[in-house]
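Let me begin by presenting the structure, written as C-alpha cells, before commenting on it.
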Amino acid sequence: SKSIRPVGVEDGGYSYCLVQVQDISSSVSRERQLRRQARELKGLADRIRDDEAFLRAILDNALDGVAVISDLGEVSVTNRALESMFGADAGGLVGQGAGALIPELERLLRSEEGHFRASRMRFRMESMGVRRDGSAFPVEVAVSEMERGEGGHPLFVAMVRDVTLRKRVEEELAQARDLAQSANQAKSRFLAHMSHEMRTPMTAIAGMADLLTDTPLDLRQREFVQVLQRNSEGLLSLINDLLDISKVEAGRMELERTALRLDELVHHVVEDFRSRNRKNVALEIHLTPGMAMEREGDPTRLRQVLVNLVGNALKFTERGVVAVEVRPEAERDGAPWVRISVRDTGIGIPGEKIEEIFDTFTQADSSTSRKYGGSGLGLAISRQLTRLMGGSLRVESEVGKGSVFHVLLPLRLAGPGGSRRLEKRAEQSPGALQGLRVLLAEDAEDNIFLIKAFLARTGCELTCVGNGRQALEKARGGEFDLILMDIQMPEMDGLAATQSIRAWEYAEGRLPTPIIALTAYALKEDKERVLAAGCDYHLPKPLKKAELLEVLGRFGGDR
C-alpha cells in the first residue's frame with residue numbers, strides 16, 4: 001500500500017512530494033479470512049436452517065403428537081399433530097405446563113421436591129388428555145429423557161397418541177365378546193335343557209327295547225327290537241355330540257390323563273362294529289408291534305374319535321374293506337407319536353370339499369345327508385378332540401376309490417402304576433341283589449315302570465315315591481340299603497332332598513345311606529354338582545339295565 005502527498009517547492013524550481021509505503025499483506029490476509037469465515041458461517045446457517053426445516057417437516061408430518069418438556073415442566077416444542085389433538089393453533093401449546101395437557105404425566109415426572117426427576121428415563125402409559133375446550137380424551141404416552149441441555153438440565157420427549165378410536169373399538173369388541181359369551185351360555189343352557197328333556201323319554205324307549213330282548217321273540221320281532229336299539233343309540237349319540245361340540249366351543253372340554261392300551265381300545269371299537277355290521281364290508285385291524293404297551297391319554301375321548309371315524313367309514317362304504325391301522329411315528333419334542341389310520345373303500349370325497357367336512361353340520365355333498373343320513377358333527381368333534389389332545393386329524397381321499405383318515409397323537413409310554421383297562425363290567429349273578437332294600441324317588445311314571453321291570457327278577461325290595469319331600473320322609477322313617485334319587489322332581493328336587501337326608505343322618509349319628517343320582521343332565525358340571533350335594537354316584541339317563549345292576553351291586557353289596 002502506498003500514499004503520495006506534496007510537501008512544497010524547493011530551490012531550483014523543483015517540486016517535492018512525500019511517498020509513504022506500508023506493508024498491508026497481513027491485513028489483506030485477515031480480510032480474506034474473515035470473508036471466507038463469513039461465507040462458511042452463512043453456509044452453516046443455511047444448513048442449520050435447512051436441518052431445522054427438515055426436522056420441523058418430520059415433526060409436522062408425524063402422525064403422533066410430539067412434545068419436548070423442560071425441567072420446569074413447560075412444553076417447549078410441539079408439532080402439528082399435538083396441536084390438532086389438543087385443539088390449539090400453531091405454537092399455541094408452547095409455554096404451557098405439561099400438567100395442563102396430561103395431568104398424570106407431570107405427576108409422574110415431578111418428584112416430591114417439585115423437581116423433574118431422571119429416575120424414570122423411559123416409560124409408557126395410558127392416561128387422559130385435556131383439550132383446550134376442557135374435554136378429556138384417552139391418550140397413550142411414551143416418555144424418554146433426552147441428553148442434558150445447557151446447565152445439565154433434563155429434557156423429556158413425550159410421544160402422545162390419541163387412542164379414542166382404539167378404546168371405542170376395544171369397548172365394542174368387549175361388548176361383542178360379552179354378547180357372544182352370553183349367547184354361548186344361553187346355547188349351552190338350551191342344549192343342556194334339551195338333552196334333559198330328550199334323555200327322559202329316551203330312558204323309557206331304550207329301556208323297553210332292552211327289556212324286550214329278554215323276552216321270547218321270534219326272528220322278525222327280534223329284528224324290530226334291534227332297529228329300536230340301533231336308533232335309540234344313534235339318537236343318544238347325536239345328543240352327546242351336540243353337548244360335546246357345545247363344550248368344545250365354550251372351552252369347557254376337559255381331558256383326563258390315564259393309562260390306556262391302544263390294542264385293546266382298537267379291538268373293542270372294531271368288535272362293537274362287527275357285531276352290528278350288516279353290510280358286505282370286512283373290518284380289519286393292523287397293529288404294528290409295540291402298540292400293546294400302555295400309554296398315557298384319554299381313553300374315552302380317543303375311543304369317541306375312533307367310533308366316529310370307523311362309523312363314518314362304514315356308513316359311506318357299501319362293499320370292500322374298512323381297516324384300522326396303528327403304527328408308531330417319529331418322536332417330536334422328545335415325545336413318542338402314534339398314527340391311527342382308518343381306511344375305507346367307500347365313495348370318497350371331492351378335493352374341494354376336503355376341509356369342509358370338518359365343519360359342524362357339514363357334509364361333503366348335501367345329497368349324502370339324504371342318502372346316508374347323519375348330522376355332520378362327528379368329524380368336527382373328532383378334529384377338535386384330537387387338537388385338544390395335542391394332535392391332528394387329516395384326510396386323503398379320491399372320489400370312487402375311498403378315503404383314509406389319519407389321527408396323529410403324542411402318546412407317552414405310561415409310567416409305573418395301575419392301568420385303567422377297557423374291560424367290560426362283570427354282570428351281576430342272579431340273586432346277588434336279593435333282599436336289597438331300595439328307595440326310588442322318581443316322578444316319571446314310565447321310568448318307574450322301567451326300573452321296576454329292570455329289578456323284577458333281582459330280589460330287590462323296591463319302594464317308590466314321586467318327589468324329594470316324600471323321599472326325605474321315607475328315608476327318615478324306614479331302613480333302606482340304597483336310594484335311587486332322581487334330580488329334577490316337584491316340591492323338593494333331588495339335590496335338596498339329598499342334602500336334607502345327609503343333614504338328618506349327621507344329626508342322628510347314622511351311617512350315610514348310599515345315594516345314586518339318576519339324572520338326564522349329563523355334563524361334567526352336573527356330575528360335580530350332584531356329588532357336592534352328597535350323592536355317591538352319578539348315573540346319567542337313559543339307564544341301561546346292566547349298568548344299573550352293576551351300580552346297585554357295587555354300592556349295595558356291603559349291606
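Ordered as shown in the C-alpha cells, chains take letters A, B, and onward, while each chain numbers its residues from 1 and ligands are numbered from 1 in the order shown.
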Test item: residues at most 6 Å from segment 90-104 of chain A, only C-alpha atoms, excluding those fewer than 6 positions along its chain, as a list in words:
Gly73, Glu74, Val75, Ser76, Gly129 and Val130 of chain A
Tell me which protein, DNA and RNA residues are within 9 Å of Gly207 of chain A, counting only C-alpha atoms, leaving out same-chain ones fewer than 3 positions away, and put them as a PyMOL selection string.
chain A and resi 202-204+210-212+447+450-451+454+542-545
Pairwise distance for atom CA of Leu436 of chain A and atom CA of Lys527 of chain A, rounded to one decimal in Å:
25.2 Å
All residues 7 Å or closer to Ala517 of chain A, only C-alpha atoms, same chain fewer than 2 positions away omitted, as a CSV table (one decimal) with N, CA, C and O atoms, in the first residue's frame:
chain,number,residue,atom,x,y,z
A,484,LEU,N,-82.2,-94.5,45.1
A,484,LEU,CA,-82.1,-94.0,43.7
A,484,LEU,C,-82.8,-92.7,43.7
A,484,LEU,O,-84.0,-92.7,43.8
A,485,MET,N,-82.1,-91.6,43.4
A,485,MET,CA,-82.6,-90.3,43.6
A,485,MET,C,-82.6,-89.6,42.2
A,485,MET,O,-81.6,-89.2,41.7
A,486,ASP,N,-83.9,-89.4,41.7
A,486,ASP,CA,-84.0,-88.5,40.5
A,486,ASP,C,-83.7,-87.1,40.9
A,486,ASP,O,-84.0,-86.7,42.1
A,487,ILE,N,-83.1,-86.3,40.1
A,487,ILE,CA,-82.7,-84.9,40.5
A,487,ILE,C,-83.8,-83.9,40.3
A,487,ILE,O,-84.0,-83.1,41.1
A,515,ILE,N,-76.5,-93.0,48.1
A,515,ILE,CA,-77.5,-92.3,47.2
A,515,ILE,C,-77.0,-92.2,45.8
A,515,ILE,O,-75.9,-91.6,45.6
A,519,THR,N,-80.1,-88.9,36.7
A,519,THR,CA,-80.4,-87.5,36.1
A,519,THR,C,-80.2,-87.6,34.6
A,519,THR,O,-79.3,-88.3,34.1
A,530,VAL,N,-74.0,-82.9,41.7
A,530,VAL,CA,-74.7,-83.9,42.5
A,530,VAL,C,-73.8,-84.6,43.5
A,530,VAL,O,-74.2,-84.9,44.6
A,535,CYS,N,-74.5,-87.0,47.0
A,535,CYS,CA,-74.7,-88.2,46.3
A,535,CYS,C,-73.4,-89.0,46.1
A,535,CYS,O,-72.3,-88.4,46.1
A,537,TYR,N,-72.9,-91.3,43.6
A,537,TYR,CA,-72.6,-91.7,42.2
A,537,TYR,C,-73.6,-91.0,41.3
A,537,TYR,O,-74.7,-90.7,41.7
A,538,HIS,N,-73.1,-90.7,40.1
A,538,HIS,CA,-74.0,-90.0,39.1
A,538,HIS,C,-74.2,-91.0,38.0
A,538,HIS,O,-73.3,-91.4,37.3
A,539,LEU,N,-75.5,-91.4,37.8
A,539,LEU,CA,-75.9,-92.3,36.8
A,539,LEU,C,-76.8,-91.6,35.8
A,539,LEU,O,-77.9,-91.3,36.0
With the cut-off set at 12 Å and counting only C-alpha atoms, tabulate each residue of segment 164-259 of chain A with an atom at most that distance from an atom of segment 271-295 of chain A, showing the nearest atom pair and its distance in Å to one decimal, ordered by chain and increasing number, as JSON lines.
{"residue": "A:Glu223", "atom": "CA", "partner": "A:Arg276", "partner_atom": "CA", "distance": 11.8}
{"residue": "A:Gln226", "atom": "CA", "partner": "A:Arg276", "partner_atom": "CA", "distance": 9.5}
{"residue": "A:Val227", "atom": "CA", "partner": "A:Arg276", "partner_atom": "CA", "distance": 10.8}
{"residue": "A:Gln229", "atom": "CA", "partner": "A:Arg276", "partner_atom": "CA", "distance": 10.9}
{"residue": "A:Arg230", "atom": "CA", "partner": "A:Arg276", "partner_atom": "CA", "distance": 8.8}
{"residue": "A:Glu233", "atom": "CA", "partner": "A:Arg276", "partner_atom": "CA", "distance": 12.0}
{"residue": "A:Arg257", "atom": "CA", "partner": "A:Arg295", "partner_atom": "CA", "distance": 9.6}
{"residue": "A:Thr258", "atom": "CA", "partner": "A:Arg295", "partner_atom": "CA", "distance": 8.0}
{"residue": "A:Ala259", "atom": "CA", "partner": "A:Arg295", "partner_atom": "CA", "distance": 5.4}
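When only C-alpha atoms are used to compute distances to Asp263 of chain A, the closest of the residues A:Thr458, A:Pro201, A:Val326, A:Thr300 turns out to be A:Val326.
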Between atom CA of Tyr506 of chain A and atom CA of Lys524 of chain A, what is the distance, to one decimal in Å?
27.7 Å
From the options A:Val307, A:Leu82, A:Val404, A:Ile239, which residue's atoms come nearest to His268 of chain A, counting only C-alpha atoms?
A:Val307
May I have the residues within 6 Å of Phe358 of chain A as a short mmCIF file (atom, residue, chain, number, x, y, z; two decimals) with all heavy atoms, in the first residue's frame, using only C-alpha atoms and disregarding those fewer than 2 positions away in the same chain?
data_model
loop_
_atom_site.label_atom_id
_atom_site.label_comp_id
_atom_site.auth_asym_id
_atom_site.auth_seq_id
_atom_site.Cartn_x
_atom_site.Cartn_y
_atom_site.Cartn_z
N GLU A 355 -61.75 -79.94 3.32
CA GLU A 355 -61.75 -79.22 4.59
C GLU A 355 -63.15 -78.95 5.10
O GLU A 355 -63.37 -78.83 6.30
CB GLU A 355 -60.97 -77.91 4.44
CG GLU A 355 -59.46 -78.09 4.41
CD GLU A 355 -58.93 -78.83 5.63
OE1 GLU A 355 -59.31 -78.48 6.76
OE2 GLU A 355 -58.13 -79.78 5.45
N GLU A 356 -64.11 -78.85 4.19
CA GLU A 356 -65.47 -78.52 4.61
C GLU A 356 -66.09 -79.61 5.47
O GLU A 356 -66.95 -79.33 6.30
CB GLU A 356 -66.36 -78.28 3.39
CG GLU A 356 -66.03 -77.01 2.63
CD GLU A 356 -67.00 -76.76 1.48
OE1 GLU A 356 -68.07 -77.42 1.45
OE2 GLU A 356 -66.69 -75.93 0.62
N LEU A 379 -67.17 -85.65 12.49
CA LEU A 379 -65.82 -85.29 12.08
C LEU A 379 -65.37 -83.97 12.71
O LEU A 379 -64.20 -83.81 13.04
CB LEU A 379 -65.74 -85.19 10.55
CG LEU A 379 -65.85 -86.52 9.79
CD1 LEU A 379 -65.81 -86.29 8.29
CD2 LEU A 379 -64.74 -87.48 10.21
N ALA A 380 -66.30 -83.03 12.86
CA ALA A 380 -65.95 -81.76 13.50
C ALA A 380 -65.50 -82.00 14.94
O ALA A 380 -64.47 -81.46 15.38
CB ALA A 380 -67.14 -80.81 13.47
#
In Å to one decimal, how far is atom CA of Leu265 of chain A from atom CA of Leu306 of chain A?
9.1 Å
What residues in segment 242-416 of chain A get the DSSP label alpha helix (DSSP H)? Please answer as number ranges by chain.
A: 242-249, 262-276, 299-315, 366-372, 378-388
Would you write out, as JSON lines, a table of all residues in segment 10-80 of chain A that have an atom no more than 12 Å from an atom of segment 151-173 of chain A, listing for each the closest atom pair and the distance in Å to one decimal, considering only C-alpha atoms and ordering rows by chain and rising residue number?
{"residue": "A:Leu59", "atom": "CA", "partner": "A:Met159", "partner_atom": "CA", "distance": 10.8}
{"residue": "A:Ala62", "atom": "CA", "partner": "A:Met159", "partner_atom": "CA", "distance": 10.1}
{"residue": "A:Leu63", "atom": "CA", "partner": "A:Arg161", "partner_atom": "CA", "distance": 8.2}
{"residue": "A:Asp64", "atom": "CA", "partner": "A:Arg161", "partner_atom": "CA", "distance": 5.2}
{"residue": "A:Gly65", "atom": "CA", "partner": "A:Val160", "partner_atom": "CA", "distance": 4.7}
{"residue": "A:Val66", "atom": "CA", "partner": "A:Met159", "partner_atom": "CA", "distance": 4.8}
{"residue": "A:Ala67", "atom": "CA", "partner": "A:Ala158", "partner_atom": "CA", "distance": 5.2}
{"residue": "A:Val68", "atom": "CA", "partner": "A:Val157", "partner_atom": "CA", "distance": 4.6}
{"residue": "A:Ile69", "atom": "CA", "partner": "A:Phe156", "partner_atom": "CA", "distance": 5.0}
{"residue": "A:Ser70", "atom": "CA", "partner": "A:Leu155", "partner_atom": "CA", "distance": 4.9}
{"residue": "A:Asp71", "atom": "CA", "partner": "A:Pro154", "partner_atom": "CA", "distance": 5.6}
{"residue": "A:Leu72", "atom": "CA", "partner": "A:Leu155", "partner_atom": "CA", "distance": 9.3}
{"residue": "A:Gly73", "atom": "CA", "partner": "A:Phe156", "partner_atom": "CA", "distance": 9.2}
{"residue": "A:Glu74", "atom": "CA", "partner": "A:Leu155", "partner_atom": "CA", "distance": 10.0}
{"residue": "A:Val75", "atom": "CA", "partner": "A:Phe156", "partner_atom": "CA", "distance": 9.5}
{"residue": "A:Ser76", "atom": "CA", "partner": "A:Leu155", "partner_atom": "CA", "distance": 9.6}
{"residue": "A:Val77", "atom": "CA", "partner": "A:Val157", "partner_atom": "CA", "distance": 9.2}
{"residue": "A:Thr78", "atom": "CA", "partner": "A:Ala158", "partner_atom": "CA", "distance": 9.8}
{"residue": "A:Asn79", "atom": "CA", "partner": "A:Met159", "partner_atom": "CA", "distance": 10.4}
{"residue": "A:Arg80", "atom": "CA", "partner": "A:Val160", "partner_atom": "CA", "distance": 11.9}
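Minimum atom-to-atom distance to Glu442 of chain A, evaluated using only C-alpha atoms, belongs to A:Thr200 out of A:Thr213, A:Thr200, A:Asn61, A:Ser144.
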